[in-house]
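All remarks here apply to the structure that follows.
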Amino acid sequence: MGFLAGPIFMGALMILAVNSLDMLVKCSRAIHCNDDSNNHSYVDVARAIFGRPGAMLSYLASISASMGVCGSYLLFIAANLQSLLASKDEAPGMSQGSLITLILPIAILLSSVRDMKVFAFASCLGDVSVVLGMLVVLFYGAMYHSANFGTDCVPIGSIETMPLALGAIGYLFLVHFLALPIESSMANRDQFPTVARWTFAACGLLSGAFGIIGYLFFGNATEQIVLLNVQGSFFISAVQLLLCVDLLLTYPVVMRPSIVIVEQTMSSMLEAKKTQAKQPRPVGWSVHFAACVLLGLFAACSSIFVPAFGILSGLVGGVSQTFLALVLPPLMLSYKHRSSSFFIARLGMTDIVVFVFGCILILWTTISTWKELHINP
């Protein structure tokens, strides 16, 4: 995208993301203001506003987002393990697909754990591993690429690369399908908008600065997974392994919302066939595990079908996450406060900008991904 265009587009997308997150939270609170339960999903909000069609759309988009993100995790782990094994000449013929197949059973077993508190330490591990990864890349670049700093870089990249680059930014910041459970679990829910803004700003500044410096060090040779630009010591290999472990432990957390949706659907279908009961029963272990396996297989297929981390993350961020973050929230907010059947007229200027940008990005990313897969099959 370029060292100038990148930060500008990242800042713009972050502003749109924060505004749409406010819209989503307002919709959730308006719908469930008299509800004692705080545990409401994105699908619950969409169902309450749009009925069954809205629930189905958000259902499919939420599941595809979770599967895509988890598929990119599997791809990231496989690419790093392939790099480590190849550097040691231990398994030169092992493909990413084979490694994903080996990793998948572990990921499925981890996702079958129902108590997410077990993975609470993964947050701390993730912070440590990400910071170490950044430091390793910057130190390596300063040691071995400082002579070429900025010589092979452009301020504004090619227009063809823009949609997937924007999708990659969306992959990081358009996490609306995970936001409502976080907001509802806060001790002081009124602080959520402020916390979200500061968190987005801090992450944006840190990741933006790292991305620019990394690009200035490695130029056009910058890999989609920048750690693959780094070669050398045992410490570097240890950081790569630490990041792989972190993503493997994050996999069940990201997949959890989709597992709940799928297992409840499967359980309801089974109960309806057996007893025609109106009150749903607790989801059994067999149904729960079947949902974990099914979603894990789809995640693995996505990582194998789109075997490039940058393309897969850009596709997920630019389509599924964009739809949930930039398209549905303004429509839900305007429809909630509609005064006529023509509810689009109730959109404010900010809502219209968010909605139109989201629609353009979805279409643009889909076309760009299709071209990338045909040019680089």
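In the structure tokens, each chain is lettered A, B, ... as it comes, each chain's residues begin at 1, and ligands are numbered from 1 in order of appearance.
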Mind running region 76-169 of chain A against region 321-333 of chain A at 12 Å and telling me each contacting residue's nearest atom pair with the distance in Å (one decimal), counting only C-alpha atoms, chain and number ascending, as CSV?
```
residue,atom,partner,partner_atom,distance
A:Pro163,CA,A:Thr322,CA,11.7
A:Leu166,CA,A:Thr322,CA,10.1
A:Gly167,CA,A:Thr322,CA,8.1
A:Ala168,CA,A:Gln321,CA,10.4
A:Ile169,CA,A:Thr322,CA,10.4
```
For the contact check between region 228-321 of chain A and region 108-118 of chain A, emit one row per residue of region 228-321 of chain A within 10 Å, containing the shortest atom pair and the distance in Å rounded to one decimal, counting only C-alpha atoms, chain then rising number order, as CSV.
```
residue,atom,partner,partner_atom,distance
A:Leu248,CA,A:Leu110,CA,8.3
A:Leu249,CA,A:Leu110,CA,7.4
A:Thr250,CA,A:Ser111,CA,9.3
A:Tyr251,CA,A:Ser111,CA,7.1
A:Pro252,CA,A:Ser111,CA,4.1
A:Val253,CA,A:Met116,CA,6.8
A:Val254,CA,A:Ser111,CA,9.2
A:Met255,CA,A:Ser111,CA,7.1
A:Arg256,CA,A:Ser111,CA,7.1
A:Ile259,CA,A:Ser111,CA,8.4
A:Val260,CA,A:Arg114,CA,9.7
A:Trp285,CA,A:Ser112,CA,8.9
A:His288,CA,A:Ser112,CA,7.1
A:Phe289,CA,A:Ser112,CA,5.9
A:Ala290,CA,A:Ser112,CA,9.2
A:Ala291,CA,A:Ser112,CA,8.8
A:Cys292,CA,A:Ile108,CA,5.9
A:Val293,CA,A:Ile108,CA,6.0
A:Leu294,CA,A:Ile108,CA,9.2
A:Leu295,CA,A:Ile108,CA,8.6
A:Gly296,CA,A:Ile108,CA,6.0
A:Leu297,CA,A:Ile108,CA,8.8
```
Just the residues within 10 Å of Cys301 (chain A), please, counting only C-alpha atoms, with nothing from its chain fewer than 6 positions along; format it as a compact mmCIF listing (two decimals) with N, CA, C and O atoms, in the first residue's frame.
```
# COMPACT_ATOMS: atom_id res chain seq x y z
N MET A 67 -14.34 -18.63 10.92
CA MET A 67 -13.62 -19.67 10.19
C MET A 67 -12.46 -19.09 9.40
O MET A 67 -11.38 -19.68 9.33
N GLY A 68 -12.67 -17.91 8.80
CA GLY A 68 -11.59 -17.29 8.04
C GLY A 68 -10.44 -16.86 8.91
O GLY A 68 -9.26 -17.08 8.58
N GLY A 71 -8.76 -19.95 10.11
CA GLY A 71 -8.03 -20.52 8.99
C GLY A 71 -6.72 -19.79 8.75
O GLY A 71 -5.68 -20.41 8.46
N GLY A 97 -0.06 -27.58 3.52
CA GLY A 97 -1.28 -28.38 3.66
C GLY A 97 -1.09 -29.54 4.62
O GLY A 97 -1.98 -29.84 5.44
N ILE A 100 -0.91 -28.16 8.16
CA ILE A 100 -2.25 -27.77 8.63
C ILE A 100 -3.03 -29.00 9.06
O ILE A 100 -3.73 -28.98 10.08
N THR A 101 -2.89 -30.09 8.31
CA THR A 101 -3.58 -31.34 8.66
C THR A 101 -3.09 -31.88 10.00
O THR A 101 -3.88 -32.42 10.79
N LEU A 295 -16.55 -26.97 12.13
CA LEU A 295 -15.98 -25.65 11.92
C LEU A 295 -14.47 -25.72 11.70
O LEU A 295 -13.92 -24.96 10.90
N PRO A 307 -4.00 -20.42 -0.05
CA PRO A 307 -2.76 -20.73 0.67
C PRO A 307 -1.78 -19.57 0.79
O PRO A 307 -0.58 -19.74 0.64
```
_Can you tell me, as a VMD selection string, which residues in region 202-317 of chain A count as helix (DSSP H, G or I) by DSSP?_
chain A and resid 202 to 221 226 to 229 234 to 274 285 to 305 309 to 317
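Shortest atom-to-atom contact with Ala201 (chain A) among A:Ile360, A:Phe173, A:Trp370, A:Glu183: A:Phe173, counting only C-alpha atoms.
The coordinates place CA of Thr350 (chain A) at 20.9 Å from CA of Gly317 (chain A).
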_So that I can check the surroundings of Leu21 (chain A), please list as an MDAnalysis selection string every protein, DNA and RNA residue that reaches within 9 Å of it, counting only C-alpha atoms and ignoring chain neighbours fewer than 4 positions away._
chainID A and resid 16:17 25:26 174 176 179 193 196 325:326 329
Export of prior selection with C-alpha atoms as a PDB file, in the first residue's frame:
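To be explicit, this is the file written out as out23.pdb:
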```
ATOM      1  CA  LEU A  16     -15.078   4.249  10.653  1.00  0.00           C
ATOM      2  CA  ALA A  17     -14.657   1.103  12.773  1.00  0.00           C
ATOM      3  CA  VAL A  25     -23.472  -1.147  21.016  1.00  0.00           C
ATOM      4  CA  LYS A  26     -26.312   1.391  20.890  1.00  0.00           C
ATOM      5  CA  LEU A 174     -13.158  -4.895  12.344  1.00  0.00           C
ATOM      6  CA  HIS A 176     -17.341  -6.372  15.828  1.00  0.00           C
ATOM      7  CA  ALA A 179     -17.219  -7.048  20.620  1.00  0.00           C
ATOM      8  CA  PRO A 193     -16.714   3.294  23.981  1.00  0.00           C
ATOM      9  CA  ALA A 196     -12.468   0.882  22.600  1.00  0.00           C
ATOM     10  CA  ALA A 325     -18.698  -3.963  10.980  1.00  0.00           C
ATOM     11  CA  LEU A 326     -19.494  -1.381   8.322  1.00  0.00           C
ATOM     12  CA  PRO A 329     -24.545  -1.617  12.083  1.00  0.00           C
TER      13      PRO A 329
END
```
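If only C-alpha atoms are the atoms counted, then among A:Phe119, A:Phe192, A:Phe309, A:Tyr140 the closest residue to Gly214 (chain A) is A:Tyr140.
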